[in-house]
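What follows is a set of notes on a single structure, which appears directly below.
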Amino acid sequence: MKISNVLFRVVILLIVAELIVGCQPAAPATEAPAEPAVEEAPAAAEKPFGAADCAPNCTYADMTMCYPQLGAESDWRTANTASFKDESANLGFKLVFSDAQQKQENQISAIRSCIQQGVSVIALPPVVEDGFEAVLTEAHNAGIPVIIVDRSVSADPSLYMSHIGSDMVLEGERAAEEFNKKFPDGAAVLELSGTTGSGAAVGRAEGFRNKLNSNITILDSQTGNFTRAEALPVMQAFLQKYEAGTDFQGIFIHNDDMGIGAIEALKAAGVKPGDLFIVSVDGTRGGFQAMIDGWFQADVECNPLLGPQVAEMALKLMNGETIEREVLTNETVYYPDNAAELLPSRQY
Ligand code: GZL
């Protein structure tokens, strides 16, 4: 075989071999050893909102509670304040207390100051229902849990952890039932309402109208802002306008303090205890005395002594525990027949 033939065959073989090798998948490049995957540390378990660093072993000594009290307008409010201050002393938690003198702007400023201080919890007794959305959002964004105390707010419920207080609508309904029992054949009544826009006044007025029989008419309604001083001129004006006993036979008064102010005006106008059917709310010592003296024919209980329950709820939140969204206080109606017997044991 000529050399040229041999060479030609060798070249062909080399070309074919190349083609075969070239079609083979490339030998895997020797991969650098994979970096060991970084172990993601398990995400820290998400702490419940409001849980403190000391959770789940917080004690009252770890707690700073902000209580931006709405005012000092009534005996009920005085007892409510005392309930928180006494509990702070009894249990040993720090209480950041302020008196807003019934002004919402003062309450909002006090809440902002508490947020700055980094308190453990804010317990808010709102003077009115509306207008707290922004500051409650600020507290939420600061991670500070809020408990709404006593009156209600219209703010989004996601902005607070719980509400504890009275069922104000039920209180109004209970008052209406007293008038229905007294005046089965109908009557006309006046209403002395609480602070305009407050959950207490709104609820009581709503409940009163829910249950009042249709043959009992509300002749007029004015606010006395839950105070004796402001109720006196309102009652005087009513007595200028309407004849007691003739034009109206009863009065629904949203709290005992306004009732005591109204009694001063009634006395000055020559009205006697028992001439009118008066139903009040709160059940304070002043209200019990007004029943003993024959001025009030019923007093719907509204309990201000909320400090112990709120303190317990606040500590649970600090420890990451859940609490009830709504806590309503159990209440009753008091009457003159045993008012003298009960008065000595009244706590407020
Ligand atoms: C009711 C409370 C009211 C009382 C008044 O829960 O907010 O405010 O009835 C007080 O005496 O001023």
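In the structure tokens, each chain is lettered A, B, ... as it comes, each chain's residues begin at 1, and ligands are numbered from 1 in order of appearance.
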Report the closest atom pair, with its distance in Å rounded to one decimal, for each residue of region 143-244 of chain A that has an atom no farther than 10 Å from region 312-317 of chain A; count only C-alpha atoms, sort by chain and then rising residue number, and write it as CSV.
```
residue,atom,partner,partner_atom,distance
A:Pro145,CA,A:Leu317,CA,7.6
A:Val146,CA,A:Ala314,CA,8.8
A:Ile147,CA,A:Ala314,CA,7.8
A:Met161,CA,A:Leu317,CA,8.6
A:Ser162,CA,A:Met313,CA,8.8
A:Ile164,CA,A:Met313,CA,9.8
```
Output the neighbourhood of ligand 1 as number ranges by chain, that is, all protein and nucleic acid residues with some atom at most 10 Å from the ligand, counting only C-alpha atoms and all ligand atoms. A: 70-80, 102, 125-128, 149-152, 165-168, 171, 194-195, 198-201, 203-204, 225-227, 253-258, 280-284, 300-304
Per residue of region 222-335 of chain A within 10 Å of region 183-186 of chain A, which atom pair is closest and at what distance in Å (one decimal), using only C-alpha atoms, listed by chain and increasing number, as a Markdown table?
```
| residue | atom | partner | partner_atom | distance |
| --- | --- | --- | --- | --- |
| A:Gln249 | CA | A:Phe183 | CA | 9.2 |
| A:Gly250 | CA | A:Phe183 | CA | 9.6 |
| A:Phe277 | CA | A:Phe183 | CA | 9.6 |
```
For Glu191 (chain A), work out the shell of residues within 8 Å, counting only C-alpha atoms and skipping chain neighbours fewer than 2 positions away, then give it as a CSV table (one decimal) with C-alpha atoms, in the first residue's frame.
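The resulting file, part11.csv, is shown below:
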```csv
chain,number,residue,atom,x,y,z
A,189,VAL,CA,-89.2,63.1,80.9
A,193,SER,CA,-76.7,63.7,79.5
A,218,ILE,CA,-88.3,62.7,76.0
A,220,ASP,CA,-85.8,67.7,76.2
A,221,SER,CA,-82.1,66.6,76.5
A,222,GLN,CA,-79.1,68.7,77.4
A,251,ILE,CA,-85.6,63.0,84.8
A,252,PHE,CA,-83.0,60.6,83.4
A,253,ILE,CA,-79.6,61.8,84.6
A,254,HIS,CA,-76.4,60.2,83.2
```
At what distance in Å, to one decimal, does CA of Ile323 (chain A) lie from CA of Pro157 (chain A)? 13.9 Å
Please report, as an mmCIF file with N, CA, C and O atoms, in the first residue's frame, each residue of region 229-306 of chain A to which DSSP assigns alpha helix (DSSP H) when run on this structure's backbone.
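Saved file part.cif follows:
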```
data_model
loop_
_atom_site.group_PDB
_atom_site.id
_atom_site.type_symbol
_atom_site.label_atom_id
_atom_site.label_comp_id
_atom_site.auth_asym_id
_atom_site.auth_seq_id
_atom_site.Cartn_x
_atom_site.Cartn_y
_atom_site.Cartn_z
ATOM 1 N N ALA A 229 -71.328 71.239 88.642
ATOM 2 C CA ALA A 229 -71.334 72.675 88.328
ATOM 3 C C ALA A 229 -72.042 72.953 87.012
ATOM 4 O O ALA A 229 -72.753 73.954 86.884
ATOM 5 N N GLU A 230 -71.862 72.055 86.027
ATOM 6 C CA GLU A 230 -72.477 72.326 84.715
ATOM 7 C C GLU A 230 -73.925 71.846 84.656
ATOM 8 O O GLU A 230 -74.715 72.320 83.842
ATOM 9 N N ALA A 231 -74.283 70.917 85.537
ATOM 10 C CA ALA A 231 -75.679 70.427 85.536
ATOM 11 C C ALA A 231 -76.630 71.435 86.174
ATOM 12 O O ALA A 231 -77.796 71.549 85.771
ATOM 13 N N LEU A 232 -76.135 72.199 87.134
ATOM 14 C CA LEU A 232 -76.999 73.160 87.852
ATOM 15 C C LEU A 232 -77.672 74.156 86.904
ATOM 16 O O LEU A 232 -78.909 74.241 86.868
ATOM 17 N N PRO A 233 -76.916 74.907 86.066
ATOM 18 C CA PRO A 233 -77.578 75.859 85.154
ATOM 19 C C PRO A 233 -78.467 75.190 84.118
ATOM 20 O O PRO A 233 -79.464 75.752 83.685
ATOM 21 N N VAL A 234 -78.112 73.950 83.728
ATOM 22 C CA VAL A 234 -78.960 73.242 82.752
ATOM 23 C C VAL A 234 -80.317 72.947 83.385
ATOM 24 O O VAL A 234 -81.374 73.181 82.780
ATOM 25 N N MET A 235 -80.306 72.512 84.636
ATOM 26 C CA MET A 235 -81.579 72.214 85.327
ATOM 27 C C MET A 235 -82.355 73.502 85.587
ATOM 28 O O MET A 235 -83.590 73.540 85.448
ATOM 29 N N GLN A 236 -81.641 74.558 85.914
ATOM 30 C CA GLN A 236 -82.324 75.859 86.109
ATOM 31 C C GLN A 236 -83.034 76.283 84.826
ATOM 32 O O GLN A 236 -84.192 76.714 84.850
ATOM 33 N N ALA A 237 -82.344 76.084 83.693
ATOM 34 C CA ALA A 237 -82.947 76.470 82.402
ATOM 35 C C ALA A 237 -84.159 75.597 82.100
ATOM 36 O O ALA A 237 -85.208 76.088 81.644
ATOM 37 N N PHE A 238 -84.041 74.291 82.398
ATOM 38 C CA PHE A 238 -85.194 73.396 82.207
ATOM 39 C C PHE A 238 -86.397 73.903 83.004
ATOM 40 O O PHE A 238 -87.534 73.939 82.524
ATOM 41 N N LEU A 239 -86.137 74.341 84.269
ATOM 42 C CA LEU A 239 -87.237 74.738 85.144
ATOM 43 C C LEU A 239 -87.844 76.072 84.749
ATOM 44 O O LEU A 239 -88.985 76.384 85.099
ATOM 45 N N GLN A 240 -87.052 76.859 83.985
ATOM 46 C CA GLN A 240 -87.595 78.102 83.411
ATOM 47 C C GLN A 240 -88.582 77.766 82.289
ATOM 48 O O GLN A 240 -89.569 78.452 82.081
ATOM 49 N N LYS A 241 -88.278 76.693 81.613
ATOM 50 C CA LYS A 241 -88.982 76.362 80.362
ATOM 51 C C LYS A 241 -90.178 75.441 80.618
ATOM 52 O O LYS A 241 -91.197 75.515 79.926
ATOM 53 N N ASP A 256 -74.407 60.528 88.859
ATOM 54 C CA ASP A 256 -74.842 61.046 90.166
ATOM 55 C C ASP A 256 -74.411 62.492 90.388
ATOM 56 O O ASP A 256 -75.152 63.286 90.990
ATOM 57 N N ASP A 257 -73.214 62.842 89.918
ATOM 58 C CA ASP A 257 -72.735 64.212 90.156
ATOM 59 C C ASP A 257 -73.649 65.241 89.501
ATOM 60 O O ASP A 257 -74.015 66.250 90.120
ATOM 61 N N MET A 258 -74.071 64.980 88.276
ATOM 62 C CA MET A 258 -75.018 65.917 87.631
ATOM 63 C C MET A 258 -76.341 65.898 88.385
ATOM 64 O O MET A 258 -76.997 66.945 88.529
ATOM 65 N N GLY A 259 -76.719 64.731 88.916
ATOM 66 C CA GLY A 259 -77.960 64.641 89.688
ATOM 67 C C GLY A 259 -77.913 65.516 90.928
ATOM 68 O O GLY A 259 -78.879 66.217 91.258
ATOM 69 N N ILE A 260 -76.746 65.539 91.585
ATOM 70 C CA ILE A 260 -76.601 66.359 92.800
ATOM 71 C C ILE A 260 -76.648 67.843 92.451
ATOM 72 O O ILE A 260 -77.272 68.657 93.157
ATOM 73 N N GLY A 261 -76.071 68.186 91.287
ATOM 74 C CA GLY A 261 -76.181 69.582 90.822
ATOM 75 C C GLY A 261 -77.622 69.942 90.507
ATOM 76 O O GLY A 261 -78.119 71.021 90.860
ATOM 77 N N ALA A 262 -78.337 69.007 89.881
ATOM 78 C CA ALA A 262 -79.744 69.255 89.499
ATOM 79 C C ALA A 262 -80.624 69.411 90.737
ATOM 80 O O ALA A 262 -81.544 70.246 90.765
ATOM 81 N N ILE A 263 -80.328 68.638 91.787
ATOM 82 C CA ILE A 263 -81.126 68.717 93.019
ATOM 83 C C ILE A 263 -81.070 70.128 93.608
ATOM 84 O O ILE A 263 -82.087 70.666 94.078
ATOM 85 N N GLU A 264 -79.902 70.762 93.525
ATOM 86 C CA GLU A 264 -79.787 72.143 94.033
ATOM 87 C C GLU A 264 -80.790 73.052 93.319
ATOM 88 O O GLU A 264 -81.500 73.847 93.934
ATOM 89 N N ALA A 265 -80.879 72.904 91.992
ATOM 90 C CA ALA A 265 -81.814 73.748 91.213
ATOM 91 C C ALA A 265 -83.258 73.383 91.545
ATOM 92 O O ALA A 265 -84.127 74.259 91.663
ATOM 93 N N LEU A 266 -83.534 72.090 91.721
ATOM 94 C CA LEU A 266 -84.910 71.658 92.028
ATOM 95 C C LEU A 266 -85.357 72.217 93.383
ATOM 96 O O LEU A 266 -86.472 72.737 93.526
ATOM 97 N N LYS A 267 -84.455 72.132 94.360
ATOM 98 C CA LYS A 267 -84.783 72.668 95.700
ATOM 99 C C LYS A 267 -85.097 74.160 95.608
ATOM 100 O O LYS A 267 -86.113 74.645 96.130
ATOM 101 N N ALA A 268 -84.236 74.872 94.873
ATOM 102 C CA ALA A 268 -84.408 76.341 94.756
ATOM 103 C C ALA A 268 -85.724 76.686 94.072
ATOM 104 O O ALA A 268 -86.307 77.745 94.323
ATOM 105 N N ARG A 285 -71.539 57.118 96.544
ATOM 106 C CA ARG A 285 -72.098 57.443 97.867
ATOM 107 C C ARG A 285 -73.085 58.612 97.756
ATOM 108 O O ARG A 285 -74.158 58.621 98.371
ATOM 109 N N GLY A 286 -72.715 59.596 96.903
ATOM 110 C CA GLY A 286 -73.623 60.740 96.705
ATOM 111 C C GLY A 286 -74.951 60.301 96.130
ATOM 112 O O GLY A 286 -76.016 60.806 96.527
ATOM 113 N N GLY A 287 -74.921 59.338 95.236
ATOM 114 C CA GLY A 287 -76.161 58.817 94.654
ATOM 115 C C GLY A 287 -76.979 58.057 95.683
ATOM 116 O O GLY A 287 -78.213 58.175 95.741
ATOM 117 N N PHE A 288 -76.266 57.285 96.530
ATOM 118 C CA PHE A 288 -76.986 56.571 97.593
ATOM 119 C C PHE A 288 -77.649 57.552 98.557
ATOM 120 O O PHE A 288 -78.804 57.363 98.962
ATOM 121 N N GLN A 289 -76.929 58.624 98.885
ATOM 122 C CA GLN A 289 -77.523 59.618 99.797
ATOM 123 C C GLN A 289 -78.742 60.265 99.145
ATOM 124 O O GLN A 289 -79.756 60.504 99.812
ATOM 125 N N ALA A 290 -78.676 60.523 97.842
ATOM 126 C CA ALA A 290 -79.816 61.129 97.140
ATOM 127 C C ALA A 290 -81.019 60.176 97.151
ATOM 128 O O ALA A 290 -82.170 60.616 97.195
ATOM 129 N N MET A 291 -80.764 58.874 97.132
ATOM 130 C CA MET A 291 -81.863 57.906 97.248
ATOM 131 C C MET A 291 -82.424 57.919 98.665
ATOM 132 O O MET A 291 -83.648 57.943 98.862
ATOM 133 N N ILE A 292 -81.535 57.950 99.653
ATOM 134 C CA ILE A 292 -81.986 57.989 101.062
ATOM 135 C C ILE A 292 -82.827 59.243 101.311
ATOM 136 O O ILE A 292 -83.869 59.190 101.987
#
```
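Of the residues under consideration (A:Asn57, A:Gly207, A:Lys85, A:Val96), A:Val96 shows the shortest atom-to-atom contact distance to Gln117 (chain A) when counting only C-alpha atoms.
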As a PyMOL selection string, please: every residue in region 170-206 of chain A that a backbone DSSP assignment puts in strand (DSSP E). chain A and resi 187-193
Store the residues of this selection in a file with all heavy atoms, as a PDB file, in the first residue's frame.
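Result written to result_25.pdb:
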```pdb
ATOM      1  N   ALA A 187     -95.761  59.197  80.142  1.00  0.00           N
ATOM      2  CA  ALA A 187     -95.237  60.365  80.870  1.00  0.00           C
ATOM      3  C   ALA A 187     -94.353  61.160  79.923  1.00  0.00           C
ATOM      4  O   ALA A 187     -94.132  60.755  78.776  1.00  0.00           O
ATOM      5  CB  ALA A 187     -94.429  59.901  82.083  1.00  0.00           C
ATOM      6  N   ALA A 188     -93.857  62.298  80.442  1.00  0.00           N
ATOM      7  CA  ALA A 188     -92.841  63.081  79.726  1.00  0.00           C
ATOM      8  C   ALA A 188     -91.638  63.198  80.661  1.00  0.00           C
ATOM      9  O   ALA A 188     -91.810  63.414  81.878  1.00  0.00           O
ATOM     10  CB  ALA A 188     -93.380  64.465  79.376  1.00  0.00           C
ATOM     11  N   VAL A 189     -90.453  63.027  80.112  1.00  0.00           N
ATOM     12  CA  VAL A 189     -89.241  63.085  80.942  1.00  0.00           C
ATOM     13  C   VAL A 189     -88.201  63.993  80.306  1.00  0.00           C
ATOM     14  O   VAL A 189     -88.226  64.233  79.091  1.00  0.00           O
ATOM     15  CB  VAL A 189     -88.642  61.671  81.158  1.00  0.00           C
ATOM     16  CG1 VAL A 189     -89.645  60.739  81.818  1.00  0.00           C
ATOM     17  CG2 VAL A 189     -88.148  61.077  79.836  1.00  0.00           C
ATOM     18  N   LEU A 190     -87.296  64.503  81.157  1.00  0.00           N
ATOM     19  CA  LEU A 190     -86.140  65.263  80.680  1.00  0.00           C
ATOM     20  C   LEU A 190     -84.909  64.377  80.776  1.00  0.00           C
ATOM     21  O   LEU A 190     -84.894  63.404  81.545  1.00  0.00           O
ATOM     22  CB  LEU A 190     -85.937  66.509  81.550  1.00  0.00           C
ATOM     23  CG  LEU A 190     -87.043  67.556  81.512  1.00  0.00           C
ATOM     24  CD1 LEU A 190     -86.752  68.661  82.525  1.00  0.00           C
ATOM     25  CD2 LEU A 190     -87.204  68.141  80.113  1.00  0.00           C
ATOM     26  N   GLU A 191     -83.881  64.700  80.015  1.00  0.00           N
ATOM     27  CA  GLU A 191     -82.618  63.949  80.080  1.00  0.00           C
ATOM     28  C   GLU A 191     -81.475  64.920  80.296  1.00  0.00           C
ATOM     29  O   GLU A 191     -81.366  65.939  79.596  1.00  0.00           O
ATOM     30  CB  GLU A 191     -82.380  63.172  78.775  1.00  0.00           C
ATOM     31  CG  GLU A 191     -81.088  62.340  78.768  1.00  0.00           C
ATOM     32  CD  GLU A 191     -80.838  61.640  77.445  1.00  0.00           C
ATOM     33  OE1 GLU A 191     -81.081  62.248  76.381  1.00  0.00           O
ATOM     34  OE2 GLU A 191     -80.429  60.462  77.461  1.00  0.00           O
ATOM     35  N   LEU A 192     -80.662  64.633  81.315  1.00  0.00           N
ATOM     36  CA  LEU A 192     -79.418  65.391  81.578  1.00  0.00           C
ATOM     37  C   LEU A 192     -78.289  64.448  81.169  1.00  0.00           C
ATOM     38  O   LEU A 192     -77.997  63.467  81.871  1.00  0.00           O
ATOM     39  CB  LEU A 192     -79.325  65.723  83.065  1.00  0.00           C
ATOM     40  CG  LEU A 192     -79.356  67.181  83.473  1.00  0.00           C
ATOM     41  CD1 LEU A 192     -79.355  67.317  84.991  1.00  0.00           C
ATOM     42  CD2 LEU A 192     -78.148  67.898  82.894  1.00  0.00           C
ATOM     43  N   SER A 193     -77.688  64.702  80.021  1.00  0.00           N
ATOM     44  CA  SER A 193     -76.735  63.722  79.470  1.00  0.00           C
ATOM     45  C   SER A 193     -75.297  64.074  79.841  1.00  0.00           C
ATOM     46  O   SER A 193     -74.990  65.202  80.235  1.00  0.00           O
ATOM     47  CB  SER A 193     -76.881  63.664  77.947  1.00  0.00           C
ATOM     48  OG  SER A 193     -76.580  64.917  77.392  1.00  0.00           O
TER      49      SER A 193
END
```
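Computed from the coordinates, the CA of Ala52 (chain A) to CA of Asn319 (chain A) distance equals 6.5 Å.
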Nearest to Asp99 (chain A) by atom-to-atom distance, counting only C-alpha atoms, from A:Pro68, A:Gln116, A:Asn141, A:Phe84: A:Pro68
In Å, rounded to a single decimal, give me how far CA of Val119 (chain A) is from CA of Ala55 (chain A). 15.1 Å
Close residues, Thr64 (chain A) itself excluded, 6 Å, only C-alpha atoms, min 4 positions apart in chain, as a list in words: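 Listed by chain and then number, they are Lys94, Leu95, Val119 and Ser120 of chain A.
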Please dump the current selection as an mmCIF file, in the first residue's frame; keep N, CA, C and O atoms.
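Saved as out.cif:
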```cif
data_model
loop_
_atom_site.group_PDB
_atom_site.id
_atom_site.type_symbol
_atom_site.label_atom_id
_atom_site.label_comp_id
_atom_site.auth_asym_id
_atom_site.auth_seq_id
_atom_site.Cartn_x
_atom_site.Cartn_y
_atom_site.Cartn_z
ATOM 1 N N LYS A 94 -44.853 50.770 88.320
ATOM 2 C CA LYS A 94 -44.728 52.221 88.169
ATOM 3 C C LYS A 94 -45.945 52.727 87.390
ATOM 4 O O LYS A 94 -46.297 52.166 86.353
ATOM 5 N N LEU A 95 -46.599 53.783 87.880
ATOM 6 C CA LEU A 95 -47.756 54.372 87.205
ATOM 7 C C LEU A 95 -47.393 55.774 86.723
ATOM 8 O O LEU A 95 -47.000 56.620 87.523
ATOM 9 N N VAL A 119 -43.010 53.315 77.767
ATOM 10 C CA VAL A 119 -43.699 52.566 78.839
ATOM 11 C C VAL A 119 -44.024 51.143 78.372
ATOM 12 O O VAL A 119 -44.001 50.845 77.172
ATOM 13 N N SER A 120 -44.357 50.295 79.346
ATOM 14 C CA SER A 120 -44.677 48.885 79.019
ATOM 15 C C SER A 120 -46.060 48.772 78.380
ATOM 16 O O SER A 120 -46.286 47.959 77.499
#
```
Extract, using only C-alpha atoms, all DNA, RNA and protein residues at most 7 Å from Asp130 (chain A), discarding same-chain residues fewer than 6 positions from it, and format them as an mmCIF file with N, CA and C atoms, in the first residue's frame.
```
data_model
loop_
_atom_site.group_PDB
_atom_site.id
_atom_site.type_symbol
_atom_site.label_atom_id
_atom_site.label_comp_id
_atom_site.auth_asym_id
_atom_site.auth_seq_id
_atom_site.Cartn_x
_atom_site.Cartn_y
_atom_site.Cartn_z
ATOM 1 N N VAL A 153 -63.686 53.675 72.292
ATOM 2 C CA VAL A 153 -63.178 54.519 71.202
ATOM 3 C C VAL A 153 -63.738 53.984 69.883
ATOM 4 N N SER A 154 -63.798 54.876 68.885
ATOM 5 C CA SER A 154 -64.266 54.454 67.553
ATOM 6 C C SER A 154 -63.097 53.986 66.690
ATOM 7 N N ALA A 155 -61.862 54.101 67.198
ATOM 8 C CA ALA A 155 -60.659 53.719 66.420
ATOM 9 C C ALA A 155 -60.698 52.232 66.074
#
```
Using only C-alpha atoms, which protein or nucleic acid residues come within 12 Å of Ala110 (chain A)? Drop anything in the same chain fewer than 2 positions from it, and give the result as a short mmCIF file (atom, residue, chain, number, x, y, z; two decimals) with N, CA, C and O atoms, in the first residue's frame.
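Saved as around.cif:
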```cif
data_model
loop_
_atom_site.label_atom_id
_atom_site.label_comp_id
_atom_site.auth_asym_id
_atom_site.auth_seq_id
_atom_site.Cartn_x
_atom_site.Cartn_y
_atom_site.Cartn_z
N CYS A 66 -48.83 53.50 81.73
CA CYS A 66 -49.22 54.89 81.48
C CYS A 66 -50.74 54.97 81.67
O CYS A 66 -51.48 54.18 81.09
N TYR A 67 -51.20 55.89 82.53
CA TYR A 67 -52.64 56.07 82.72
C TYR A 67 -52.99 57.55 82.52
O TYR A 67 -53.02 58.34 83.46
N PRO A 68 -53.22 57.96 81.27
CA PRO A 68 -53.54 59.37 80.98
C PRO A 68 -55.01 59.66 81.31
O PRO A 68 -55.86 59.72 80.43
N GLN A 69 -55.29 59.80 82.59
CA GLN A 69 -56.68 59.95 83.08
C GLN A 69 -57.36 61.14 82.42
O GLN A 69 -56.73 62.19 82.20
N LEU A 70 -58.68 60.99 82.12
CA LEU A 70 -59.35 62.04 81.35
C LEU A 70 -59.65 63.29 82.17
O LEU A 70 -59.77 64.39 81.62
N VAL A 96 -47.48 55.98 85.42
CA VAL A 96 -47.26 57.32 84.85
C VAL A 96 -48.65 57.94 84.70
O VAL A 96 -49.38 57.62 83.77
N PHE A 97 -49.04 58.77 85.68
CA PHE A 97 -50.41 59.28 85.76
C PHE A 97 -50.46 60.74 85.32
O PHE A 97 -49.54 61.52 85.59
N SER A 98 -51.56 61.12 84.64
CA SER A 98 -51.78 62.54 84.31
C SER A 98 -53.28 62.79 84.29
O SER A 98 -54.08 61.87 84.13
N ASP A 99 -53.68 64.07 84.48
CA ASP A 99 -55.09 64.46 84.50
C ASP A 99 -55.32 65.42 83.33
O ASP A 99 -54.77 66.52 83.30
N ALA A 100 -56.13 65.01 82.36
CA ALA A 100 -56.32 65.80 81.13
C ALA A 100 -57.39 66.87 81.27
O ALA A 100 -57.69 67.59 80.32
N GLN A 101 -57.99 66.97 82.46
CA GLN A 101 -59.03 67.99 82.72
C GLN A 101 -60.13 67.96 81.65
O GLN A 101 -60.59 69.01 81.16
N LYS A 103 -59.97 67.32 78.59
CA LYS A 103 -59.61 67.84 77.27
C LYS A 103 -58.86 66.77 76.48
O LYS A 103 -57.80 66.29 76.90
N GLN A 104 -59.38 66.41 75.31
CA GLN A 104 -58.77 65.33 74.53
C GLN A 104 -57.34 65.67 74.13
O GLN A 104 -56.47 64.79 74.18
N GLU A 105 -57.08 66.94 73.81
CA GLU A 105 -55.71 67.28 73.37
C GLU A 105 -54.69 67.02 74.48
O GLU A 105 -53.57 66.60 74.23
N ASN A 106 -55.14 67.18 75.72
CA ASN A 106 -54.23 66.89 76.84
C ASN A 106 -53.99 65.39 76.97
O ASN A 106 -52.88 64.95 77.28
N GLN A 107 -55.04 64.62 76.73
CA GLN A 107 -54.86 63.15 76.78
C GLN A 107 -53.90 62.69 75.71
O GLN A 107 -53.01 61.88 75.95
N ILE A 108 -54.05 63.23 74.50
CA ILE A 108 -53.19 62.84 73.38
C ILE A 108 -51.74 63.23 73.67
O ILE A 108 -50.81 62.43 73.47
N ARG A 112 -48.48 60.68 74.00
CA ARG A 112 -47.23 60.85 73.24
C ARG A 112 -46.02 60.89 74.17
O ARG A 112 -44.97 60.31 73.89
N SER A 113 -46.20 61.51 75.32
CA SER A 113 -45.11 61.55 76.28
C SER A 113 -44.78 60.14 76.78
O SER A 113 -43.62 59.75 76.90
N CYS A 114 -45.82 59.34 76.99
CA CYS A 114 -45.60 57.95 77.44
C CYS A 114 -44.90 57.13 76.36
O CYS A 114 -44.06 56.28 76.65
N ILE A 115 -45.25 57.39 75.11
CA ILE A 115 -44.59 56.67 74.01
C ILE A 115 -43.10 57.00 74.01
O ILE A 115 -42.23 56.14 73.89
N GLN A 116 -42.81 58.30 74.20
CA GLN A 116 -41.39 58.74 74.27
C GLN A 116 -40.66 58.04 75.42
O GLN A 116 -39.50 57.66 75.30
N GLN A 117 -41.38 57.88 76.55
CA GLN A 117 -40.74 57.23 77.71
C GLN A 117 -40.53 55.74 77.50
O GLN A 117 -39.82 55.10 78.27
N VAL A 119 -43.01 53.32 77.77
CA VAL A 119 -43.70 52.57 78.84
C VAL A 119 -44.02 51.14 78.37
O VAL A 119 -44.00 50.85 77.17
N ILE A 122 -50.02 51.15 77.79
CA ILE A 122 -50.84 52.35 77.94
C ILE A 122 -52.27 51.90 78.23
O ILE A 122 -52.86 51.14 77.44
N ALA A 123 -52.81 52.34 79.38
CA ALA A 123 -54.23 52.09 79.69
C ALA A 123 -54.94 53.42 79.48
O ALA A 123 -54.65 54.40 80.18
N LEU A 124 -55.83 53.48 78.49
CA LEU A 124 -56.45 54.76 78.11
C LEU A 124 -57.93 54.81 78.45
O LEU A 124 -58.71 54.03 77.91
N PRO A 126 -60.67 56.95 77.45
CA PRO A 126 -60.86 58.04 76.47
C PRO A 126 -62.01 58.98 76.83
O PRO A 126 -63.12 58.53 77.13
N VAL A 135 -52.96 58.79 67.39
CA VAL A 135 -52.03 58.55 68.51
C VAL A 135 -51.99 57.07 68.87
O VAL A 135 -50.94 56.55 69.29
N ALA A 139 -48.68 54.66 69.01
CA ALA A 139 -48.36 53.71 70.09
C ALA A 139 -48.12 52.32 69.50
O ALA A 139 -47.17 51.63 69.85
#
```
Between A:Tyr348, A:Ala175, A:Tyr335, A:Thr246, which residue has the minimum interatomic distance to Phe296 (chain A), considering only C-alpha atoms? A:Tyr335
Quick one: everything within 8 Å of Glu133 (chain A), counting only C-alpha atoms, minus sequence neighbours fewer than 4 positions away in the same chain. Send it as number ranges by chain. A: 137, 155-156, 159
Keeping only N, CA and C atoms, write those residues as a PDB file, in the first residue's frame.
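The file below, again-v2.pdb, is the result:
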```pdb
ATOM      1  N   THR A 137     -52.215  54.768  66.634  1.00  0.00           N
ATOM      2  CA  THR A 137     -51.331  54.217  65.594  1.00  0.00           C
ATOM      3  C   THR A 137     -49.868  54.437  65.973  1.00  0.00           C
ATOM      4  N   ALA A 155     -61.862  54.101  67.198  1.00  0.00           N
ATOM      5  CA  ALA A 155     -60.659  53.719  66.420  1.00  0.00           C
ATOM      6  C   ALA A 155     -60.698  52.232  66.074  1.00  0.00           C
ATOM      7  N   ASP A 156     -59.937  51.868  65.041  1.00  0.00           N
ATOM      8  CA  ASP A 156     -59.854  50.477  64.583  1.00  0.00           C
ATOM      9  C   ASP A 156     -59.429  49.560  65.737  1.00  0.00           C
ATOM     10  N   LEU A 159     -55.902  48.505  66.799  1.00  0.00           N
ATOM     11  CA  LEU A 159     -54.950  49.443  67.426  1.00  0.00           C
ATOM     12  C   LEU A 159     -54.898  49.282  68.948  1.00  0.00           C
TER      13      LEU A 159
END
```
